[in-house]
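run_34.txt (compact mmCIF, C-alpha atoms) appears below.
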```txt
# COMPACT_ATOMS: atom_id res chain seq x y z
CA MET A 70 58.40 86.59 120.72
CA ILE A 71 59.44 83.04 119.76
CA ALA A 72 58.49 83.61 116.12
CA SER A 73 60.87 86.56 115.90
CA PHE A 74 63.82 84.29 116.71
CA LYS A 75 63.39 82.23 113.54
CA ASP A 76 65.18 85.07 111.77
CA LYS A 77 69.01 85.08 111.74
CA ARG A 78 68.97 88.86 112.02
CA THR A 79 67.61 88.41 115.51
CA TYR A 80 69.09 85.30 117.02
CA ILE A 81 72.72 85.56 115.84
CA PRO A 82 73.42 88.80 117.80
CA VAL A 83 71.67 87.38 120.88
CA LEU A 84 73.56 84.07 120.69
CA VAL A 85 76.94 85.74 120.21
CA LEU A 86 76.44 88.05 123.17
CA LEU A 87 74.96 85.20 125.23
CA LEU A 88 78.10 83.18 124.47
CA VAL A 89 80.25 86.08 125.74
CA VAL A 90 78.11 86.45 128.88
CA THR A 91 78.05 82.72 129.63
CA THR A 92 81.75 82.14 128.95
CA SER A 93 82.80 85.13 131.05
CA TRP A 94 80.51 84.02 133.89
CA ILE A 95 81.99 80.50 133.86
CA VAL A 96 85.59 81.73 133.67
CA TYR A 97 84.91 84.28 136.43
CA ASN A 98 83.53 81.55 138.71
CA MET A 99 86.42 79.20 137.88
CA ALA A 100 89.04 81.90 138.54
CA ARG A 101 88.91 81.19 142.27
CA TYR A 102 90.86 77.98 141.61
CA ILE A 103 93.90 79.92 140.35
CA ASP A 104 96.64 79.58 142.98
CA ASN A 105 98.71 82.61 141.96
CA GLU A 106 97.09 85.64 143.63
CA SER A 107 98.22 88.12 140.95
CA ALA A 108 96.92 85.90 138.14
CA TYR A 109 93.69 85.33 140.07
CA LEU A 110 93.10 89.06 140.64
CA PHE A 111 93.90 89.92 137.03
CA THR A 112 91.64 87.18 135.68
CA ALA A 113 88.78 87.85 138.09
CA ASN A 114 88.87 91.61 137.54
CA THR A 115 89.19 91.43 133.75
CA ILE A 116 86.65 88.69 133.20
CA GLY A 117 84.31 90.06 135.87
CA THR A 118 84.32 93.43 134.11
CA LEU A 119 83.64 91.74 130.76
CA PHE A 120 80.77 89.79 132.34
CA ALA A 121 79.24 92.89 133.92
CA LEU A 122 79.55 95.04 130.81
CA SER A 123 78.25 92.36 128.43
CA THR A 124 75.33 91.56 130.75
CA PHE A 125 74.23 95.01 131.77
CA PHE A 126 74.76 96.70 128.41
CA SER A 127 73.36 93.82 126.36
CA PRO A 128 70.06 95.59 125.54
CA ILE A 129 71.68 98.48 123.65
CA ILE A 130 74.30 96.23 122.03
CA VAL A 131 71.69 93.73 120.79
CA TYR A 132 69.23 96.43 119.68
CA LEU A 133 71.82 98.28 117.59
CA TRP A 134 73.28 95.05 116.19
CA THR A 135 69.87 93.73 115.13
CA PHE A 136 69.07 97.15 113.60
CA LYS A 137 72.25 96.93 111.55
CA LYS A 138 71.21 93.45 110.39
CA GLY A 139 67.80 94.80 109.30
CA ALA A 140 65.49 93.36 111.96
CA ARG A 141 62.08 94.92 112.54
CA PRO A 142 61.56 97.11 115.65
CA SER A 143 59.51 94.42 117.42
CA GLN A 144 62.25 91.86 116.77
CA ARG A 145 64.91 94.27 118.05
CA PHE A 146 62.90 94.93 121.20
CA ALA A 147 62.30 91.23 121.90
CA ALA A 148 65.93 90.34 121.25
CA SER A 149 67.12 93.12 123.57
CA LEU A 150 65.17 91.64 126.48
CA VAL A 151 66.51 88.08 126.21
CA ILE A 152 69.75 88.48 128.17
CA PRO A 153 68.23 90.66 130.94
CA PHE A 154 65.45 88.08 131.35
CA LEU A 155 67.95 85.21 131.45
CA TRP A 156 70.10 87.08 133.98
CA ALA A 157 67.11 87.71 136.27
CA THR A 158 66.06 84.07 135.89
CA LYS A 159 69.58 82.89 136.76
CA GLU A 160 69.44 84.96 139.94
CA CYS A 161 66.04 83.46 140.82
CA ILE A 162 67.39 79.96 140.27
CA ARG A 163 70.31 80.78 142.59
CA VAL A 164 67.92 81.66 145.43
CA SER A 165 65.82 78.56 144.73
CA THR A 166 68.28 76.56 146.82
CA ALA A 167 66.90 78.31 149.91
CA PHE A 168 63.35 79.26 148.90
CA GLY A 169 60.34 77.66 147.29
CA PHE A 170 59.00 78.28 143.80
CA VAL A 171 56.57 81.08 144.73
CA GLU A 172 59.22 82.92 146.77
CA CYS A 173 61.57 82.69 143.79
CA LEU A 174 58.91 84.21 141.54
CA TYR A 175 58.57 87.04 144.08
CA TYR A 176 62.33 87.49 143.85
CA TYR A 177 61.92 88.72 140.26
CA PHE A 178 60.69 91.97 141.83
CA ASN A 179 63.80 92.55 143.94
CA PRO A 180 65.27 96.08 143.83
CA LEU A 181 68.27 95.09 141.71
CA ASN A 182 65.97 93.69 139.01
CA ILE A 183 63.79 96.83 139.18
CA PHE A 184 66.91 99.00 138.86
CA TYR A 185 68.11 96.87 135.94
CA LEU A 186 64.69 97.08 134.25
CA CYS A 187 64.83 100.88 134.46
CA PHE A 188 68.36 100.80 133.04
CA VAL A 189 67.19 98.50 130.23
CA ALA A 190 64.42 100.99 129.40
CA VAL A 191 67.00 103.77 129.17
CA GLN A 192 69.27 101.70 126.91
CA ILE A 193 66.51 100.58 124.55
CA SER A 194 65.20 104.16 124.37
CA ILE A 195 68.65 105.46 123.44
CA ALA A 196 68.99 102.69 120.83
CA VAL A 197 65.58 103.53 119.33
CA LEU A 198 66.54 107.19 119.09
CA ILE A 199 69.88 106.31 117.44
CA CYS A 200 68.13 104.03 114.94
CA SER A 201 65.49 106.67 114.21
CA SER A 202 68.14 109.29 113.53
CA LYS A 203 70.01 106.89 111.22
CA ASP A 204 66.77 106.11 109.34
CA LYS A 205 66.00 109.80 109.03
CA ALA A 206 69.53 110.58 107.78
CA ALA A 207 69.18 107.82 105.18
CA GLY A 208 65.91 109.35 103.99
CA LEU A 209 63.84 106.42 105.24
CA MET A 210 60.57 106.73 107.04
CA THR A 211 61.27 107.80 110.61
CA ASN A 212 60.44 105.39 113.39
CA LYS A 213 57.05 106.09 114.98
CA LEU A 214 58.46 104.99 118.33
CA THR A 215 60.44 108.21 118.79
CA LEU A 216 57.96 109.86 121.20
CA THR A 217 57.54 106.63 123.13
CA ALA A 218 61.31 106.26 123.28
CA LEU A 219 61.71 109.81 124.58
CA ALA A 220 59.09 109.25 127.27
CA SER A 221 60.68 105.91 128.20
CA LEU A 222 64.12 107.54 128.29
CA VAL A 223 62.93 110.27 130.64
CA LEU A 224 61.00 107.90 132.93
CA GLY A 225 63.70 105.22 132.92
CA THR A 226 66.40 107.77 133.68
CA CYS A 227 64.35 109.38 136.45
CA PHE A 228 63.60 106.03 138.11
CA THR A 229 67.20 104.82 137.70
CA ILE A 230 68.57 107.97 139.32
CA LEU A 231 65.85 107.97 141.98
CA ILE A 232 66.60 104.37 142.99
CA TYR A 233 70.32 105.10 143.11
CA VAL A 234 69.94 108.38 145.03
CA MET A 235 67.68 106.70 147.61
CA ASP A 236 70.67 105.11 149.35
CA ARG A 237 71.29 102.94 146.28
CA GLY A 238 67.87 101.35 146.57
CA GLU A 239 67.97 100.48 150.27
CA PRO A 240 64.45 101.84 151.04
CA LEU A 241 63.19 99.89 148.02
CA PHE A 242 64.91 96.79 149.41
CA TRP A 243 63.15 97.22 152.76
CA MET A 244 59.79 97.61 150.98
CA PHE A 245 60.62 94.43 149.07
CA MET A 246 61.52 92.61 152.32
CA ASN A 247 58.40 93.87 154.13
CA GLY A 248 56.31 92.61 151.24
CA PHE A 249 58.10 89.26 151.44
CA ARG A 250 57.46 88.98 155.20
CA THR A 251 53.80 89.98 154.76
CA ILE A 252 53.20 87.37 152.07
CA PHE A 253 55.46 84.51 153.20
CA GLY A 254 56.08 85.20 156.91
CA THR A 255 59.39 85.69 158.65
CA GLY A 256 60.67 82.22 157.90
CA VAL A 257 61.78 81.70 161.50
```

Since I need it in another form, could you write the structure as structure tokens?
Amino acid sequence: MIASFKDKRTYIPVLVLLLVVTTSWIVYNMARYIDNESAYLFTANTIGTLFALSTFFSPIIVYLWTFKKGARPSQRFAASLVIPFLWATKECIRVSTAFGFVECLYYYFNPLNIFYLCFVAVQISIAVLICSSKDKAAGLMTNKLTLTALASLVLGTCFTILIYVMDRGEPLFWMFMNGFRTIFGTGV
């Protein structure tokens, strides 16, 4: 994965989007210091929306951007996973103030990360299908990942919908918490 980032076609799109994500996250967190309530609400809502959209839709944005720049499928895939991985890691670091290292590693498997992973699978699958159709229209060799992308799209969509329909993941959260208590104890 590291070797694929020596290529500008891969790291420029990731760095640009990472700059948007990071800047919007910082501005969003600093918005609470704005004294004017109207200005605060406008800033927090606008920047918060930008942060959420740029974070959660980063896989499809990066995949399509790196495709346009001519990156190989493996490079596109690796680049698409950078921001989701960094976001999950940021969340684990946030809980590290209250939990130890092993508990923080367990936190990677929280329901929100599982939901996001399913959503990432859907986005990358859609991007692969778009890229394959563009290659086919240009008369290039079609991408061999089309069947895998279709299967991933179906599974990712099913799991994303299933998690959301199950009280927005609440049963999954309780399974996660029961696993935490079984492994680490109640903490009391």

Counting only C-alpha atoms, find residues at most 6 Å from (89.6, 84.7, 141.9) (file frame) and give them as a JSON list (two decimals) with C-alpha atoms, in the frame of the given file.
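Result file selection_16.json:
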```json
[["chain", "number", "residue", "atom", "x", "y", "z"],
["A", 100, "ALA", "CA", 89.04, 81.90, 138.54],
["A", 101, "ARG", "CA", 88.91, 81.19, 142.27],
["A", 109, "TYR", "CA", 93.69, 85.33, 140.07],
["A", 110, "LEU", "CA", 93.10, 89.06, 140.64],
["A", 113, "ALA", "CA", 88.78, 87.85, 138.09]]
```

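Shown here are all protein and nucleic acid residues lying within 7 Å of (70.3, 89.8, 115.7), with all atoms listed in the file considered: Lys77, Arg78, Thr79, Tyr80, Ile81, Pro82, Val83, Val131, Trp134, Thr135 and Lys138 of chain A.
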
Check which residues of range 153-204 of chain A sit at most 10 Å from range 230-247 of chain A using only C-alpha atoms, and return one row each with the closest pair of atoms and their distance in Å to one decimal, ordered by chain and rising number, as a tab-separated table.
```
residue	atom	partner	partner_atom	distance
A:Tyr175	CA	A:Phe245	CA	9.1
A:Tyr176	CA	A:Phe245	CA	8.9
A:Phe178	CA	A:Phe245	CA	7.6
A:Asn179	CA	A:Phe245	CA	6.3
A:Pro180	CA	A:Phe242	CA	5.6
A:Leu181	CA	A:Gly238	CA	7.9
A:Ile183	CA	A:Ile232	CA	8.9
A:Phe184	CA	A:Ile232	CA	6.8
A:Cys187	CA	A:Ile230	CA	9.4
A:Phe188	CA	A:Ile230	CA	9.5
```

As JSON, what would the box around range 123-131 of chain A look like: edges along x, y and z, 8 Å added on every side, centre and edge lengths in Å to one decimal?
```
{"center_x": 74.2, "center_y": 95.0, "center_z": 126.3, "size_x": 24.2, "size_y": 22.9, "size_z": 27.0}
```

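Using only C-alpha atoms, the smallest distance between any of A:Val191, A:Val90, A:Ile130, A:Ile252 and Val171 in chain A comes from A:Ile252.
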
Residue with smallest distance to Ser165 in chain A - pool A:Tyr177, A:Arg145, A:Tyr132, A:Thr255, counting only C-alpha atoms | A:Tyr177

Taking into account only C-alpha atoms, which residue in the set A:Ile162, A:Val89, A:Ile152, A:Leu219 is nearest to Val197 in chain A?
->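 Selected residue with least distance to Val197 in chain A: A:Leu219.
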
In Å to one decimal, how far is CA of Leu84 in chain A from CA of Ser143 in chain A?
->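 Rounded to one decimal, the two atoms are 17.8 Å apart.
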
Near Ile195 in chain A, within 12 Å and counting all atoms listed in the file, which residues show up once chain neighbours fewer than 3 positions away are dropped, as a list in words?
->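 Everything that qualifies: Phe126, Pro128, Ile129, Ile130, Tyr132, Leu133, Phe188, Val189, Ala190, Val191, Gln192, Leu198, Ile199, Cys200, Ser201, Ser202, Leu214, Thr215, Leu216, Thr217, Ala218, Leu219, Ala220, Ser221, Leu222, Val223, Gly225 and Thr226 of chain A.
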
Length of the CA of Cys161 in chain A to CA of Cys173 in chain A vector [Å] | 5.4 Å
